[in-house]
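Structure data follow from coords.txt (compact mmCIF, C-alpha atoms):
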```
# COMPACT_ATOMS: atom_id res chain seq x y z
CA LEU A 1 -2.48 -8.03 -1.89
CA LYS A 2 -1.61 -6.91 -5.38
CA ALA A 3 0.04 -3.52 -5.98
CA TYR A 4 0.79 -2.32 -9.51
CA PRO A 5 2.38 -1.00 -11.66
CA ASN A 6 5.76 -1.86 -10.23
CA PRO A 7 7.93 0.08 -10.88
CA THR A 8 5.73 3.17 -10.84
CA SER A 9 6.12 6.84 -11.69
CA GLY A 10 3.54 7.89 -9.11
CA LEU A 11 0.13 6.23 -8.83
CA VAL A 12 -0.10 2.70 -7.45
CA THR A 13 -3.28 0.62 -7.52
CA VAL A 14 -3.72 -1.70 -4.54
CA ASP A 15 -6.17 -4.59 -4.88
CA LEU A 16 -7.26 -6.27 -1.66
CA ASP A 17 -9.01 -9.57 -1.23
CA ASN A 18 -11.77 -7.88 0.76
CA ARG A 19 -14.99 -9.70 -0.09
CA ILE A 20 -16.38 -9.22 3.42
CA HIS A 21 -15.50 -5.49 3.46
CA THR A 22 -13.41 -5.57 6.61
CA GLU A 23 -11.62 -2.33 7.42
CA HIS A 24 -7.98 -2.41 6.33
CA THR A 25 -5.19 -0.01 7.15
CA ILE A 26 -2.84 0.74 4.25
CA ARG A 27 0.50 2.17 5.31
CA VAL A 28 3.35 3.24 3.06
CA PHE A 29 6.90 3.32 4.43
CA ASP A 30 10.08 4.56 2.80
CA LEU A 31 13.29 2.53 2.72
CA PHE A 32 14.28 3.91 6.13
CA GLY A 33 11.06 2.75 7.78
CA ARG A 34 9.48 6.21 7.98
CA LEU A 35 5.70 6.31 7.58
CA VAL A 36 4.86 8.20 4.38
CA GLN A 37 1.08 7.64 4.18
CA GLU A 38 -1.67 5.92 6.12
CA ASN A 39 -5.26 5.29 5.00
CA LYS A 40 -8.14 3.20 6.31
CA THR A 41 -10.42 1.56 3.74
CA THR A 42 -13.07 -1.08 3.19
CA SER A 43 -12.71 -0.92 -0.62
CA GLU A 44 -11.31 -3.77 -2.68
CA ARG A 45 -9.41 -1.37 -4.99
CA ASN A 46 -7.43 1.64 -3.72
CA THR A 47 -5.03 4.16 -5.25
CA ILE A 48 -1.89 5.40 -3.53
CA ASP A 49 -0.22 8.55 -4.84
CA LEU A 50 3.58 8.45 -4.57
CA SER A 51 4.12 11.16 -7.20
CA SER A 52 5.34 13.77 -4.68
CA GLY A 53 7.81 11.34 -3.07
CA ASP A 54 11.43 10.80 -3.97
CA ALA A 55 12.46 8.03 -6.34
CA GLY A 56 13.39 4.86 -4.51
CA VAL A 57 11.99 1.87 -2.66
CA TYR A 58 8.73 1.96 -0.70
CA PHE A 59 6.88 -0.72 1.24
CA ILE A 60 3.10 -0.99 1.21
CA GLU A 61 1.73 -2.68 4.34
CA ILE A 62 -1.85 -3.91 4.58
CA TRP A 63 -3.23 -4.72 8.04
CA ASN A 64 -6.77 -5.84 8.86
CA GLY A 65 -6.32 -6.31 12.61
CA THR A 66 -5.44 -9.98 12.19
CA ASN A 67 -3.35 -10.43 9.05
CA ARG A 68 -0.50 -8.37 7.65
CA ALA A 69 0.92 -8.29 4.11
CA VAL A 70 3.78 -6.21 2.72
CA GLN A 71 4.80 -5.51 -0.86
CA LYS A 72 7.85 -3.63 -2.11
CA ILE A 73 7.25 -0.88 -4.70
CA ILE A 74 9.91 0.93 -6.69
CA LYS A 75 9.23 4.55 -7.63
CA GLN A 76 11.17 5.78 -10.63
```
Show the structure stored in the file as structure tokens.
Amino acid sequence: LKAYPNPTSGLVTVDLDNRIHTEHTIRVFDLFGRLVQENKTTSERNTIDLSSGDAGVYFIEIWNGTNRAVQKIIKQ
């Protein structure tokens, strides 16, 4: 999992190691653990739009049914 730019002003690119095109769930949580967004994808590169959200800390969680990865993102 690679999410950038970090910090961001809105758009975040998420690169997945998804060579076998397994379905992944991408969830975005705010600092209080509230779900902000949820998307399902088989793409290796995805864009998350945080531009309408408040400035602060967000967590991007990637789940493929077996493995889970989380990355912290700061929105300015």
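Neighbouring residues of Trp63 of chain A at 7 Å or closer, counting all atoms listed in the file and skipping chain neighbours under 2 positions away, are His24, Thr25, Ile26, Glu61, Gly65, Asn67, Arg68 and Ala69 of chain A.
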Note to self: Tell me which residues come within 10 Å of (-7.6, -11.7, -8.6), as a ChimeraX atom specification, counting all atoms listed in the file in the file's coordinates.
What the structure shows: /A:1-2,15-17
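Nearest to Phe59 of chain A of all the residues A:Ala3, A:Val12, A:Ile73, A:Val36 is A:Ile73, based on all atoms listed in the file.
Straight-line separation from atom CA of Asn39 of chain A to atom CA of Lys72 of chain A: 17.4 Å.
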Which neighbours of Arg27 of chain A fall inside 6 Å, counting all atoms listed in the file, when residues of the same chain fewer than 5 positions from it are skipped, and could you give them as a CSV table (one decimal) with C-alpha atoms, in the coordinates of the input?
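around_31.csv was written with the following content:
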```csv
chain,number,residue,atom,x,y,z
A,37,GLN,CA,1.1,7.6,4.2
A,38,GLU,CA,-1.7,5.9,6.1
A,60,ILE,CA,3.1,-1.0,1.2
A,61,GLU,CA,1.7,-2.7,4.3
```
Listed atoms of segment 41-54 of chain A, axis-aligned box, 6 Å per side: centre and edge lengths to one decimal in Å, as lines of an AutoDock Vina configuration file?
```
center_x = -0.8
center_y = 5.0
center_z = -1.7
size_x = 36.5
size_y = 29.5
size_z = 22.9
```
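Separating atom CA of Thr13 of chain A from atom CA of Leu35 of chain A is a distance of 18.5 Å.
Across the structure, atom CA of Glu23 of chain A and atom CA of Pro5 of chain A are spaced 23.7 Å apart.
For the set A:Tyr58, A:Gly10, A:Thr66, A:Thr22, the residue with the smallest atom-to-atom gap to Arg34 of chain A is A:Tyr58, counting all atoms listed in the file.
Of the residues listed (A:Val28, A:Val14, A:Lys40, A:Gln71), A:Val28 shows the shortest atom-to-atom separation from Gly53 of chain A; distances use only C-alpha atoms.
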Problem set entry | Near-Val57 of chain A list (9 Å; all atoms listed in the file; drop same-chain fewer than 6 positions) as a ChimeraX atom specification | /A:29-31,72-76
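Closest approach to Leu11 of chain A among A:Asn64, A:Ser52, A:Thr42, A:Thr47: A:Thr47, based on all atoms listed in the file.
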Start from the incomplete input, build all heavy atoms for segment 57-68 of chain A, and deliver everything as a compact mmCIF listing (two decimals), in the frame of the given file.
```txt
# COMPACT_ATOMS: atom_id res chain seq x y z
N VAL A 57 12.74 3.04 -3.09
CA VAL A 57 11.99 1.87 -2.66
C VAL A 57 11.01 2.26 -1.56
O VAL A 57 11.36 2.98 -0.62
CB VAL A 57 12.94 0.77 -2.15
CG1 VAL A 57 12.17 -0.42 -1.61
CG2 VAL A 57 13.89 0.33 -3.26
N TYR A 58 9.78 1.77 -1.70
CA TYR A 58 8.73 1.96 -0.70
C TYR A 58 8.14 0.60 -0.36
O TYR A 58 8.23 -0.34 -1.15
CB TYR A 58 7.63 2.87 -1.23
CG TYR A 58 8.08 4.30 -1.42
CD1 TYR A 58 8.72 4.69 -2.59
CD2 TYR A 58 7.89 5.24 -0.43
CE1 TYR A 58 9.15 5.99 -2.77
CE2 TYR A 58 8.32 6.55 -0.59
CZ TYR A 58 8.95 6.91 -1.77
OH TYR A 58 9.39 8.21 -1.94
N PHE A 59 7.55 0.51 0.82
CA PHE A 59 6.88 -0.72 1.24
C PHE A 59 5.43 -0.39 1.56
O PHE A 59 5.15 0.52 2.33
CB PHE A 59 7.57 -1.32 2.46
CG PHE A 59 8.97 -1.76 2.17
CD1 PHE A 59 10.04 -0.92 2.41
CD2 PHE A 59 9.22 -3.02 1.63
CE1 PHE A 59 11.34 -1.30 2.12
CE2 PHE A 59 10.52 -3.41 1.34
CZ PHE A 59 11.58 -2.55 1.58
N ILE A 60 4.52 -1.14 0.95
CA ILE A 60 3.10 -0.99 1.21
C ILE A 60 2.69 -2.11 2.16
O ILE A 60 2.88 -3.29 1.86
CB ILE A 60 2.27 -1.05 -0.08
CG1 ILE A 60 2.66 0.12 -0.99
CG2 ILE A 60 0.78 -1.02 0.24
CD1 ILE A 60 2.00 0.07 -2.35
N GLU A 61 2.16 -1.72 3.32
CA GLU A 61 1.73 -2.68 4.34
C GLU A 61 0.21 -2.63 4.43
O GLU A 61 -0.37 -1.55 4.55
CB GLU A 61 2.33 -2.32 5.68
CG GLU A 61 1.83 -3.21 6.81
CD GLU A 61 2.21 -2.66 8.17
OE1 GLU A 61 1.59 -1.65 8.60
OE2 GLU A 61 3.10 -3.23 8.79
N ILE A 62 -0.41 -3.78 4.40
CA ILE A 62 -1.85 -3.91 4.58
C ILE A 62 -2.09 -4.67 5.88
O ILE A 62 -1.51 -5.73 6.10
CB ILE A 62 -2.50 -4.70 3.41
CG1 ILE A 62 -2.12 -4.10 2.07
CG2 ILE A 62 -4.01 -4.78 3.59
CD1 ILE A 62 -2.57 -2.68 1.85
N TRP A 63 -2.96 -4.12 6.74
CA TRP A 63 -3.23 -4.72 8.04
C TRP A 63 -4.73 -4.68 8.27
O TRP A 63 -5.36 -3.63 8.10
CB TRP A 63 -2.49 -3.93 9.12
CG TRP A 63 -2.84 -4.27 10.52
CD1 TRP A 63 -3.55 -3.49 11.39
CD2 TRP A 63 -2.50 -5.44 11.24
NE1 TRP A 63 -3.66 -4.12 12.60
CE2 TRP A 63 -3.03 -5.32 12.54
CE3 TRP A 63 -1.81 -6.59 10.91
CZ2 TRP A 63 -2.88 -6.32 13.50
CZ3 TRP A 63 -1.66 -7.57 11.88
CH2 TRP A 63 -2.18 -7.43 13.15
N ASN A 64 -5.33 -5.82 8.60
CA ASN A 64 -6.77 -5.84 8.86
C ASN A 64 -7.09 -6.15 10.32
O ASN A 64 -8.21 -6.51 10.65
CB ASN A 64 -7.48 -6.83 7.93
CG ASN A 64 -7.16 -8.28 8.25
OD1 ASN A 64 -6.43 -8.59 9.17
ND2 ASN A 64 -7.72 -9.18 7.46
N GLY A 65 -6.12 -6.02 11.19
CA GLY A 65 -6.32 -6.31 12.61
C GLY A 65 -5.91 -7.72 12.97
O GLY A 65 -5.65 -8.02 14.13
N THR A 66 -5.84 -8.59 11.97
CA THR A 66 -5.44 -9.98 12.19
C THR A 66 -4.26 -10.36 11.31
O THR A 66 -3.30 -10.94 11.77
CB THR A 66 -6.62 -10.94 11.89
OG1 THR A 66 -7.74 -10.55 12.67
CG2 THR A 66 -6.25 -12.37 12.19
N ASN A 67 -4.37 -10.04 10.03
CA ASN A 67 -3.35 -10.43 9.05
C ASN A 67 -2.62 -9.21 8.51
O ASN A 67 -3.20 -8.14 8.40
CB ASN A 67 -4.01 -11.17 7.88
CG ASN A 67 -4.69 -12.44 8.33
OD1 ASN A 67 -4.10 -13.26 9.02
ND2 ASN A 67 -5.95 -12.60 7.97
N ARG A 68 -1.36 -9.44 8.16
CA ARG A 68 -0.50 -8.37 7.65
C ARG A 68 0.15 -8.88 6.37
O ARG A 68 0.61 -10.02 6.30
CB ARG A 68 0.56 -8.04 8.69
CG ARG A 68 1.53 -7.00 8.29
CD ARG A 68 2.50 -6.74 9.47
NE ARG A 68 3.53 -5.86 9.08
CZ ARG A 68 4.77 -6.23 8.76
NH1 ARG A 68 5.11 -7.49 8.81
NH2 ARG A 68 5.66 -5.35 8.41
```
